[in-house]
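Q: So here's target_34.csv (CSV, C-alpha atoms).
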```
chain,number,residue,atom,x,y,z
A,1,MET,CA,103.0,139.3,70.4
A,2,SER,CA,100.5,138.4,67.7
A,3,ILE,CA,96.9,137.6,68.2
A,4,VAL,CA,97.6,134.0,67.2
A,5,ASP,CA,100.0,133.6,70.0
A,6,LYS,CA,97.4,134.8,72.6
A,7,GLY,CA,94.8,132.3,71.4
A,8,PRO,CA,95.6,129.2,73.5
A,9,PRO,CA,95.9,131.0,76.9
A,10,MET,CA,92.6,132.8,76.3
A,11,ILE,CA,90.9,129.6,75.3
A,12,SER,CA,92.4,127.8,78.4
A,13,ALA,CA,91.3,130.7,80.7
A,14,GLY,CA,87.8,130.6,79.2
A,15,LEU,CA,87.5,126.9,79.7
A,16,ALA,CA,88.7,127.1,83.3
A,17,SER,CA,86.3,129.9,83.9
A,18,ARG,CA,83.4,127.9,82.5
A,19,ARG,CA,84.4,124.9,84.7
A,20,PHE,CA,84.5,127.1,87.8
A,21,ASP,CA,81.1,128.6,87.0
A,22,GLY,CA,79.6,125.2,86.5
A,23,LEU,CA,81.1,123.9,89.8
A,24,TRP,CA,79.9,127.0,91.6
A,25,ALA,CA,76.4,126.6,90.2
A,26,GLY,CA,76.3,123.0,91.2
A,27,LEU,CA,77.4,123.8,94.7
A,28,PHE,CA,75.6,127.1,95.4
A,29,GLY,CA,73.4,127.7,92.3
A,30,THR,CA,70.1,127.3,94.2
A,31,LYS,CA,69.1,127.5,97.9
A,32,LEU,CA,68.7,123.7,98.0
A,33,ASN,CA,72.2,123.1,96.5
A,34,ALA,CA,73.7,125.6,99.0
A,35,LEU,CA,71.9,123.9,101.9
A,36,LEU,CA,73.1,120.5,100.8
A,37,THR,CA,76.7,121.7,100.3
A,38,VAL,CA,76.8,123.3,103.8
A,39,LEU,CA,75.3,120.1,105.3
A,40,THR,CA,77.8,117.9,103.5
A,41,VAL,CA,80.8,120.1,104.6
A,42,GLY,CA,79.5,120.0,108.1
A,43,LEU,CA,79.1,116.2,108.0
A,44,LEU,CA,82.6,115.8,106.7
A,45,ALA,CA,84.0,118.1,109.3
A,46,TRP,CA,82.3,116.0,112.0
A,47,ALA,CA,83.3,112.6,110.6
A,48,VAL,CA,86.7,112.9,108.9
A,49,PRO,CA,88.9,114.2,111.8
A,50,PRO,CA,87.9,111.3,114.2
A,51,PHE,CA,88.4,108.8,111.4
A,52,LEU,CA,91.8,110.1,110.5
A,53,ARG,CA,92.8,110.0,114.2
A,54,TRP,CA,91.6,106.4,114.5
A,55,ALA,CA,93.1,105.3,111.1
A,56,ILE,CA,96.4,107.2,111.1
A,57,ILE,CA,97.4,109.1,114.2
A,58,ASP,CA,96.5,106.6,116.9
A,59,ALA,CA,96.9,103.5,114.7
A,60,THR,CA,99.2,100.6,115.5
A,61,TRP,CA,101.2,99.8,112.4
A,62,THR,CA,103.5,97.0,113.8
A,63,GLY,CA,103.5,94.7,116.7
A,64,SER,CA,101.1,92.0,118.1
A,65,SER,CA,97.5,91.9,119.1
A,66,ALA,CA,98.5,92.9,122.7
A,67,ASP,CA,100.0,96.1,121.3
A,68,CYS,CA,96.7,96.8,119.4
A,69,ALA,CA,94.6,96.1,122.5
A,70,ALA,CA,96.6,98.7,124.4
A,71,ALA,CA,96.1,101.4,121.7
A,72,SER,CA,92.9,103.3,120.8
A,73,GLY,CA,93.4,103.4,117.0
A,74,ALA,CA,93.2,101.0,114.1
A,75,CYS,CA,95.3,97.8,114.2
A,76,TRP,CA,97.0,97.8,110.8
A,77,ALA,CA,99.5,95.2,112.3
A,78,PHE,CA,96.5,92.8,112.0
A,79,VAL,CA,96.3,93.6,108.3
A,80,THR,CA,100.0,93.0,107.8
A,81,ALA,CA,99.8,89.7,109.6
A,82,LYS,CA,96.7,88.4,107.8
A,83,PHE,CA,97.0,90.1,104.4
A,84,ARG,CA,98.1,86.9,102.6
A,85,PHE,CA,95.2,85.0,104.2
A,86,ILE,CA,92.8,87.7,103.1
A,87,LEU,CA,94.1,87.4,99.5
A,88,PHE,CA,94.5,83.6,99.3
A,89,ALA,CA,92.4,82.2,102.2
A,90,PHE,CA,93.2,78.6,102.9
A,91,TYR,CA,95.5,78.0,99.9
A,92,PRO,CA,98.7,76.3,101.2
A,93,PRO,CA,101.4,78.8,102.0
A,94,GLY,CA,104.1,77.0,99.9
A,95,PRO,CA,102.6,77.2,96.5
A,96,GLN,CA,100.9,80.6,97.0
A,97,TRP,CA,102.7,81.8,93.9
A,98,ARG,CA,100.0,80.0,91.9
A,99,PRO,CA,97.0,82.2,92.9
A,100,LEU,CA,99.3,85.2,92.4
A,101,VAL,CA,100.0,84.0,88.8
A,102,VAL,CA,96.3,83.5,88.3
A,103,ILE,CA,95.6,87.1,89.5
A,104,ILE,CA,98.2,88.4,87.0
A,105,LEU,CA,96.8,86.2,84.1
A,106,LEU,CA,93.2,87.4,84.7
A,107,ALA,CA,94.2,91.0,85.1
A,108,ALA,CA,96.2,90.9,81.9
A,109,LEU,CA,93.2,89.2,80.1
A,110,LEU,CA,90.7,91.7,81.4
A,111,ILE,CA,92.9,94.7,80.6
A,112,SER,CA,93.5,93.4,77.1
A,113,SER,CA,89.7,92.8,76.6
A,114,ALA,CA,89.0,96.4,77.7
A,115,LEU,CA,91.3,98.0,75.1
A,116,PRO,CA,89.7,98.2,71.6
A,117,ARG,CA,93.1,97.7,70.0
A,118,PHE,CA,93.0,94.1,71.1
A,119,TRP,CA,89.5,93.4,69.9
A,120,ARG,CA,90.5,90.7,67.4
A,121,ARG,CA,89.8,87.0,66.9
A,122,GLU,CA,93.0,86.1,68.8
A,123,LEU,CA,91.3,87.6,72.0
A,124,LEU,CA,88.5,85.1,71.7
A,125,ILE,CA,91.0,82.3,71.6
A,126,ALA,CA,92.9,83.8,74.5
A,127,TRP,CA,89.9,83.6,76.9
A,128,PRO,CA,89.4,79.8,77.0
A,129,LEU,CA,93.2,79.3,77.1
A,130,VAL,CA,93.7,81.7,80.1
A,131,ILE,CA,90.7,80.2,81.9
A,132,VAL,CA,92.0,76.6,81.4
A,133,ALA,CA,95.5,77.7,82.4
A,134,SER,CA,94.3,79.4,85.5
A,135,TRP,CA,92.3,76.4,86.6
A,136,ALA,CA,95.3,74.1,85.9
A,137,VAL,CA,97.7,76.4,87.9
A,138,MET,CA,95.4,76.7,90.9
A,139,SER,CA,94.7,73.0,91.0
A,140,GLY,CA,98.4,72.0,90.6
A,141,ILE,CA,97.9,69.9,87.5
A,142,VAL,CA,101.0,71.4,85.9
A,143,THR,CA,103.2,71.7,89.0
A,144,PRO,CA,102.4,69.4,92.0
A,145,PRO,CA,101.3,69.2,94.7
A,146,ARG,CA,97.6,69.1,93.9
A,147,VAL,CA,95.4,71.5,95.8
A,148,PRO,CA,91.7,70.6,95.9
A,149,SER,CA,89.2,73.4,95.1
A,150,ASN,CA,87.8,73.5,98.6
A,151,GLN,CA,91.1,75.1,99.6
A,152,TRP,CA,90.9,77.8,97.0
A,153,GLY,CA,89.8,81.3,98.1
A,154,GLY,CA,90.3,85.0,98.4
A,155,LEU,CA,90.9,87.4,95.5
A,156,PRO,CA,91.7,84.8,92.8
A,157,VAL,CA,88.4,83.0,93.3
A,158,THR,CA,86.5,86.3,93.2
A,159,LEU,CA,88.1,87.4,90.0
A,160,PHE,CA,88.0,83.9,88.4
A,161,VAL,CA,84.3,83.4,89.1
A,162,TRP,CA,83.4,86.9,88.1
A,163,ALA,CA,85.4,87.0,84.8
A,164,VAL,CA,84.5,83.5,83.7
A,165,CYS,CA,80.7,83.8,84.5
A,166,PHE,CA,80.3,87.2,83.0
A,167,ALA,CA,82.2,86.3,79.9
A,168,ALA,CA,80.2,83.1,79.4
A,169,ALA,CA,76.9,84.7,80.2
A,170,THR,CA,77.3,87.5,77.7
A,171,PRO,CA,77.1,85.4,74.4
A,172,LEU,CA,74.3,83.4,76.0
A,173,ALA,CA,72.5,86.6,76.9
A,174,ILE,CA,72.8,87.9,73.3
A,175,LEU,CA,71.1,84.6,72.0
A,176,LEU,CA,68.4,84.9,74.7
A,177,ALA,CA,67.7,88.6,73.7
A,178,LEU,CA,67.5,87.6,70.0
A,179,ALA,CA,65.2,84.6,70.9
A,180,ARG,CA,62.9,86.9,73.0
A,181,ARG,CA,62.5,89.1,69.9
A,182,SER,CA,62.1,86.2,67.5
A,183,LYS,CA,59.0,85.7,65.4
A,184,MET,CA,59.0,82.0,66.3
A,185,GLY,CA,56.4,81.7,69.0
A,186,GLY,CA,57.8,78.6,70.7
A,187,LEU,CA,61.4,79.9,70.8
A,188,ARG,CA,60.2,83.3,72.1
A,189,THR,CA,58.1,81.7,74.9
A,190,LEU,CA,61.0,79.5,76.0
A,191,ALA,CA,63.3,82.6,76.2
A,192,ILE,CA,60.7,84.6,78.1
A,193,GLY,CA,60.1,81.8,80.5
A,194,PHE,CA,63.9,81.3,81.2
A,195,ILE,CA,64.6,85.0,81.6
A,196,GLU,CA,61.6,85.6,83.9
A,197,VAL,CA,62.3,82.5,86.1
A,198,MET,CA,65.9,83.4,86.5
A,199,ARG,CA,65.2,87.1,87.2
A,200,GLY,CA,62.5,86.2,89.7
A,201,THR,CA,64.8,83.8,91.7
A,202,PRO,CA,67.2,85.0,94.3
A,203,MET,CA,70.9,84.3,93.6
A,204,VAL,CA,71.2,82.5,97.0
A,205,ALA,CA,68.5,80.0,95.8
A,206,ILE,CA,70.4,79.5,92.6
A,207,LEU,CA,73.6,78.7,94.5
A,208,TYR,CA,71.7,76.2,96.7
A,209,VAL,CA,70.4,74.6,93.5
A,210,ALA,CA,74.0,74.2,92.4
A,211,MET,CA,75.0,72.6,95.6
A,212,LEU,CA,72.0,70.4,96.4
A,213,ILE,CA,69.9,69.7,93.4
A,214,LEU,CA,72.4,69.7,90.5
A,215,PRO,CA,74.4,66.8,91.9
A,216,MET,CA,71.3,64.7,92.2
A,217,ALA,CA,70.5,65.4,88.6
A,218,MET,CA,73.8,64.0,87.4
A,219,PRO,CA,73.5,60.4,85.9
A,220,ASN,CA,75.3,57.4,87.4
A,221,GLY,CA,76.6,59.3,90.4
A,222,GLN,CA,78.9,61.5,88.3
A,223,PHE,CA,80.6,64.3,90.2
A,224,ILE,CA,81.1,67.9,89.2
A,225,ASP,CA,83.4,70.2,91.3
A,226,LYS,CA,81.7,72.5,93.7
A,227,ASN,CA,83.2,75.6,92.1
A,228,ALA,CA,82.2,74.4,88.6
A,229,ARG,CA,78.6,73.8,89.7
A,230,ALA,CA,78.4,77.2,91.2
A,231,MET,CA,79.8,78.8,88.1
A,232,ILE,CA,77.4,77.0,85.8
A,233,MET,CA,74.4,78.2,87.7
A,234,ILE,CA,75.8,81.7,88.1
A,235,THR,CA,76.3,82.0,84.4
A,236,LEU,CA,72.7,81.0,83.7
A,237,PHE,CA,71.5,83.4,86.3
A,238,TRP,CA,73.5,86.4,85.1
A,239,SER,CA,72.7,85.7,81.4
A,240,ALA,CA,69.0,86.5,82.1
A,241,TYR,CA,69.9,90.0,83.4
A,242,ILE,CA,72.3,90.7,80.6
A,243,ALA,CA,69.7,89.6,78.1
A,244,GLU,CA,67.3,92.2,79.2
A,245,VAL,CA,70.0,94.9,78.8
A,246,VAL,CA,70.9,93.7,75.4
A,247,ARG,CA,67.2,93.5,74.4
A,248,GLY,CA,66.8,97.2,75.4
A,249,GLY,CA,69.7,98.1,73.0
A,250,LEU,CA,68.1,96.0,70.2
A,251,GLN,CA,64.8,97.8,70.6
A,252,VAL,CA,66.4,101.2,70.1
A,253,ILE,CA,67.8,100.3,66.6
A,254,PRO,CA,65.5,101.8,64.0
A,255,VAL,CA,63.5,99.5,61.8
A,256,GLY,CA,65.1,101.1,58.8
A,257,GLN,CA,68.4,99.4,59.7
A,258,TYR,CA,66.8,96.0,59.3
A,259,GLU,CA,65.1,97.0,56.0
A,260,ALA,CA,68.3,98.4,54.6
A,261,ALA,CA,70.1,95.1,55.4
A,262,MET,CA,67.3,93.1,53.7
A,263,ALA,CA,67.6,95.4,50.6
A,264,LEU,CA,71.3,94.6,50.4
A,265,GLY,CA,70.5,90.9,50.5
A,266,LEU,CA,72.0,90.2,53.9
A,267,GLY,CA,70.6,87.2,55.8
A,268,TYR,CA,69.4,87.4,59.5
A,269,TRP,CA,72.7,86.4,61.1
A,270,ARG,CA,74.9,88.6,58.9
A,271,THR,CA,72.5,91.5,59.6
A,272,MET,CA,72.9,90.9,63.3
A,273,GLN,CA,76.6,90.4,63.2
A,274,LEU,CA,77.5,93.4,60.9
A,275,ILE,CA,74.8,96.0,61.5
A,276,ILE,CA,72.5,95.5,64.5
A,277,LEU,CA,74.5,94.0,67.3
A,278,PRO,CA,77.5,96.4,67.0
A,279,GLN,CA,75.1,99.4,67.3
A,280,ALA,CA,73.0,97.8,70.1
A,281,LEU,CA,76.0,96.8,72.2
A,282,ARG,CA,77.5,100.2,71.9
A,283,LEU,CA,74.3,101.7,73.3
A,284,VAL,CA,74.2,99.5,76.3
A,285,ILE,CA,77.7,100.0,77.5
A,286,PRO,CA,76.6,101.8,80.7
A,287,GLY,CA,74.1,99.1,81.5
A,288,MET,CA,76.6,96.3,80.9
A,289,VAL,CA,79.2,98.0,83.1
A,290,ASN,CA,76.6,98.6,85.8
A,291,LEU,CA,75.7,94.9,85.7
A,292,ALA,CA,79.4,93.9,85.8
A,293,ILE,CA,80.0,96.0,88.9
A,294,GLY,CA,76.9,94.5,90.6
A,295,PHE,CA,77.9,91.0,89.7
A,296,LEU,CA,81.4,91.6,91.1
A,297,LEU,CA,79.8,92.6,94.4
A,298,ALA,CA,77.4,89.7,94.2
A,299,THR,CA,80.3,87.2,94.3
A,300,SER,CA,80.3,87.7,98.1
A,301,LEU,CA,77.2,85.5,98.2
A,302,LEU,CA,79.4,82.5,97.4
A,303,ALA,CA,80.0,82.4,101.2
A,304,VAL,CA,76.6,80.8,101.7
A,305,ILE,CA,77.8,77.6,99.9
A,306,GLY,CA,81.2,77.5,101.6
A,307,ILE,CA,83.3,79.1,98.9
A,308,PHE,CA,85.8,81.5,100.4
A,309,ASP,CA,85.7,84.6,98.2
A,310,LEU,CA,87.5,87.8,99.1
A,311,LEU,CA,84.9,89.0,101.6
A,312,ASN,CA,84.5,85.6,103.3
A,313,ALA,CA,88.3,85.2,103.6
A,314,ALA,CA,88.5,88.6,105.3
A,315,LYS,CA,85.8,87.6,107.7
A,316,SER,CA,87.5,84.3,108.5
A,317,SER,CA,90.8,86.1,109.1
A,318,THR,CA,89.2,87.8,112.2
A,319,THR,CA,88.5,84.4,113.8
A,320,ASP,CA,92.2,83.7,114.4
A,321,PRO,CA,92.6,83.3,118.2
A,322,GLN,CA,95.6,85.5,118.1
A,323,TRP,CA,93.8,88.3,116.3
A,324,LEU,CA,90.2,88.4,117.5
A,325,GLY,CA,87.8,91.2,116.9
A,326,PHE,CA,89.6,93.4,114.2
A,327,TYR,CA,86.6,93.4,111.9
A,328,ASP,CA,86.8,97.1,111.0
A,329,GLU,CA,90.3,96.8,109.6
A,330,ALA,CA,89.5,93.6,107.6
A,331,TYR,CA,86.4,95.0,106.1
A,332,LEU,CA,88.1,98.4,105.3
A,333,VAL,CA,90.8,96.6,103.3
A,334,VAL,CA,88.3,94.5,101.4
A,335,GLY,CA,86.1,97.5,100.8
A,336,ALA,CA,89.0,99.5,99.4
A,337,LEU,CA,89.7,96.6,97.0
A,338,TYR,CA,86.1,96.4,95.9
A,339,PHE,CA,86.0,100.2,95.5
A,340,ALA,CA,89.1,100.2,93.4
A,341,PHE,CA,87.7,97.6,91.0
A,342,CYS,CA,84.3,99.3,90.8
A,343,PHE,CA,85.6,102.8,90.4
A,344,ALA,CA,88.0,101.7,87.6
A,345,GLY,CA,85.1,100.0,85.9
A,346,SER,CA,83.0,103.2,86.0
A,347,ARG,CA,85.9,105.3,84.7
A,348,TYR,CA,86.5,102.8,81.9
A,349,SER,CA,82.8,102.9,80.9
A,350,LEU,CA,83.0,106.7,80.4
A,351,TRP,CA,86.3,106.4,78.5
A,352,LEU,CA,84.9,103.7,76.2
A,353,GLU,CA,81.8,105.7,75.4
A,354,ARG,CA,83.9,108.7,74.4
A,355,TYR,CA,86.3,106.5,72.4
A,356,LEU,CA,83.5,104.8,70.4
A,357,ARG,CA,81.8,108.1,69.9
A,358,ALA,CA,85.0,109.7,68.5
A,359,SER,CA,85.6,106.6,66.3
A,360,LYS,CA,82.1,106.8,64.9
A,361,ARG,CA,82.7,110.4,63.8
A,362,ARG,CA,85.9,109.5,61.8
```
For the structure just supplied, provide its representation as structure tokens.
A:
Amino acid sequence: MSIVDKGPPMISAGLASRRFDGLWAGLFGTKLNALLTVLTVGLLAWAVPPFLRWAIIDATWTGSSADCAAASGACWAFVTAKFRFILFAFYPPGPQWRPLVVIILLAALLISSALPRFWRRELLIAWPLVIVASWAVMSGIVTPPRVPSNQWGGLPVTLFVWAVCFAAATPLAILLALARRSKMGGLRTLAIGFIEVMRGTPMVAILYVAMLILPMAMPNGQFIDKNARAMIMITLFWSAYIAEVVRGGLQVIPVGQYEAAMALGLGYWRTMQLIILPQALRLVIPGMVNLAIGFLLATSLLAVIGIFDLLNAAKSSTTDPQWLGFYDEAYLVVGALYFAFCFAGSRYSLWLERYLRASKRR
């Protein structure tokens, strides 16, 4: 066998050895690391077996609440019976295919937006079309009967509010970040004032403004849907946080980039569009993903104004007289869904950073 043939196995073995050495150093490289590893293993040995016994071995998978009351484990029969309510809340059972369609539409839109191959002008057109279509499907404008927004809830509302507000807040945040760095004193002062007021106000207060103060500000008694009012205020609130992340990326760009653009005769907006913003947004990908994850979890605050998001729907499912008290199972299911979304977002962030770094080298 030639030396060339032996190359790949040797390289693979060396890579595996380096990974093992790095893992060993991280677990037992120092006395503190070794102590933390032993404590962690001990904690897992103490907590995992009882949890597995409760969740799997002694669990009740089918039956009624009486069967669950007689058992000592988890009641997954409750989850089976109330799963549709957790997902769709008080949406009428007959047309529950509508929120399912909305989940599919939003998932397809978010996945397409996450893949660089679809970053084209058509994607910008698809966003408002999918949003309008989702609202029309949920409300029953296309296919009667009509369902008022106060009956919407569950996972579709959580995904809809999160996707729409984050997507609408991002371009607004970019304008706020540019305005805060502007040489025009008045514009910069307004941007600073808006950002600081929004960042210094709790989101719960913002939601109460949407419910109580915003309707009084409408002229001639005009009415705006409760969900729409909440989404408007959430968009303004989130834009202030995203603006600070974008501003951090803008400040990292060297001054020479601006000077080179001016030497080429590019105007301010063309410089931002072609040179500055692409670099700045690439640098703030981790911060943007971190905010997106935090904003997804913050949608649970919609419960304070009577909007049944995913978490509030799970909580309400435990108030059924036939299934009282199964809070652990309901919150575990919702926690698993939130974890899946957040973990996928963090993995996507790492992948996108590697992809853009590799594309930059080409």
Q: Tell me, in Å to one decimal, how far CA of Ile111 in chain A is from CA of Leu207 in chain A.
A: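 Pair CA of Ile111 in chain A / CA of Leu207 in chain A returns 28.7 Å.
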Q: Of the candidates A:Ala71, A:Ala230, A:Phe237, A:Val334, which shows the shortest atom-to-atom distance to Gly200 in chain A, using all atoms listed in the file?
A: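 That would be A:Phe237, the residue with the smallest distance to Gly200 in chain A.
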Q: May I ask which of the residues A:Phe78, A:Tyr355, A:Trp238, A:Phe194 is the closest one to Ala298 in chain A, counting only C-alpha atoms?
A: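 That would be A:Trp238, the residue with the smallest distance to Ala298 in chain A.
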Q: Given only C-alpha atoms as the basis, pick out the residue of A:Pro93, A:Ile86, A:Val304, A:Pro144 nearest to Thr319 in chain A.
A: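 Checking each candidate against Thr319 in chain A, we get A:Ile86 as the closest.
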Q: Near Cys342 in chain A, within 9 Å and counting only C-alpha atoms, which residues show up once chain neighbours fewer than 4 positions away are dropped, as a PyMOL selection string?
A: chain A and resi 292-294+296-297+337-338+346-347
Q: Compare A:Leu212, A:Ala330, A:Met288, A:Leu43 by their minimum atom-to-atom distance to Ala173 in chain A, counting only C-alpha atoms, and give me the closest one.
A: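 Among the listed residues, the smallest separation from Ala173 in chain A belongs to A:Met288.
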Q: Quick one: of A:Pro50, A:Gly73, A:Pro128, A:Gly154, who's nearest to Lys315 in chain A, counting all atoms listed in the file?
A: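 For Lys315 in chain A, the nearest of the candidates is A:Gly154.
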Q: From the set A:Gly306, A:Ala263, A:Val197, A:Arg84, which residue has the shortest atom-to-atom contact distance to Asn227 in chain A, counting only C-alpha atoms?
A: A:Gly306
Q: What does the distance from CA of Ser72 in chain A to CA of Phe88 in chain A come to in Å, to one decimal?
A: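 So the two atoms, CA of Ser72 in chain A and CA of Phe88 in chain A, lie 29.2 Å apart.
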Q: Using only C-alpha atoms, which protein or nucleic acid residues come within 9 Å of Leu236 in chain A? Drop anything in the same chain fewer than 2 positions from it, and give the result as a list in words.
A: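 Listed by chain and then number, they are Cys165, Ala168, Ala169, Leu172, Ala173, Met198, Met231, Ile232, Met233, Ile234, Trp238, Ser239 and Ala240 of chain A.
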Q: Could you dump the residues just selected with C-alpha atoms as an mmCIF file, keeping the file's coordinate frame?
A:
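What landed in result.cif:
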```
data_model
loop_
_atom_site.group_PDB
_atom_site.id
_atom_site.type_symbol
_atom_site.label_atom_id
_atom_site.label_comp_id
_atom_site.auth_asym_id
_atom_site.auth_seq_id
_atom_site.Cartn_x
_atom_site.Cartn_y
_atom_site.Cartn_z
ATOM 1 C CA CYS A 165 80.700 83.800 84.500
ATOM 2 C CA ALA A 168 80.200 83.100 79.400
ATOM 3 C CA ALA A 169 76.900 84.700 80.200
ATOM 4 C CA LEU A 172 74.300 83.400 76.000
ATOM 5 C CA ALA A 173 72.500 86.600 76.900
ATOM 6 C CA MET A 198 65.900 83.400 86.500
ATOM 7 C CA MET A 231 79.800 78.800 88.100
ATOM 8 C CA ILE A 232 77.400 77.000 85.800
ATOM 9 C CA MET A 233 74.400 78.200 87.700
ATOM 10 C CA ILE A 234 75.800 81.700 88.100
ATOM 11 C CA TRP A 238 73.500 86.400 85.100
ATOM 12 C CA SER A 239 72.700 85.700 81.400
ATOM 13 C CA ALA A 240 69.000 86.500 82.100
#
```
Q: Can you pull out every residue within 10 Å of Ala261 in chain A, counting only C-alpha atoms, but drop anything in the same chain fewer than 5 positions away, and send it as a VMD selection string?
A: chain A and resid 256 266 to 268 270 to 272 274 to 276
Q: List the residues sitting within 7 Å of (94.3, 79.0, 99.1) in the file's frame, using all atoms listed in the file, as an NGL selection string.
A: :A and (88-92 or 151-153)
Q: Set the distance at 10 Å and use only C-alpha atoms: which residues neighbour range 135-138 of chain A once local chain neighbours fewer than 2 positions away are removed? I'd like the list as JSON, numbers by chain.
A: {"A": [91, 95, 96, 97, 98, 99, 100, 101, 102, 129, 130, 131, 132, 133, 140, 141, 142, 143, 144, 146, 147, 148, 149, 151, 152, 156, 157, 160]}
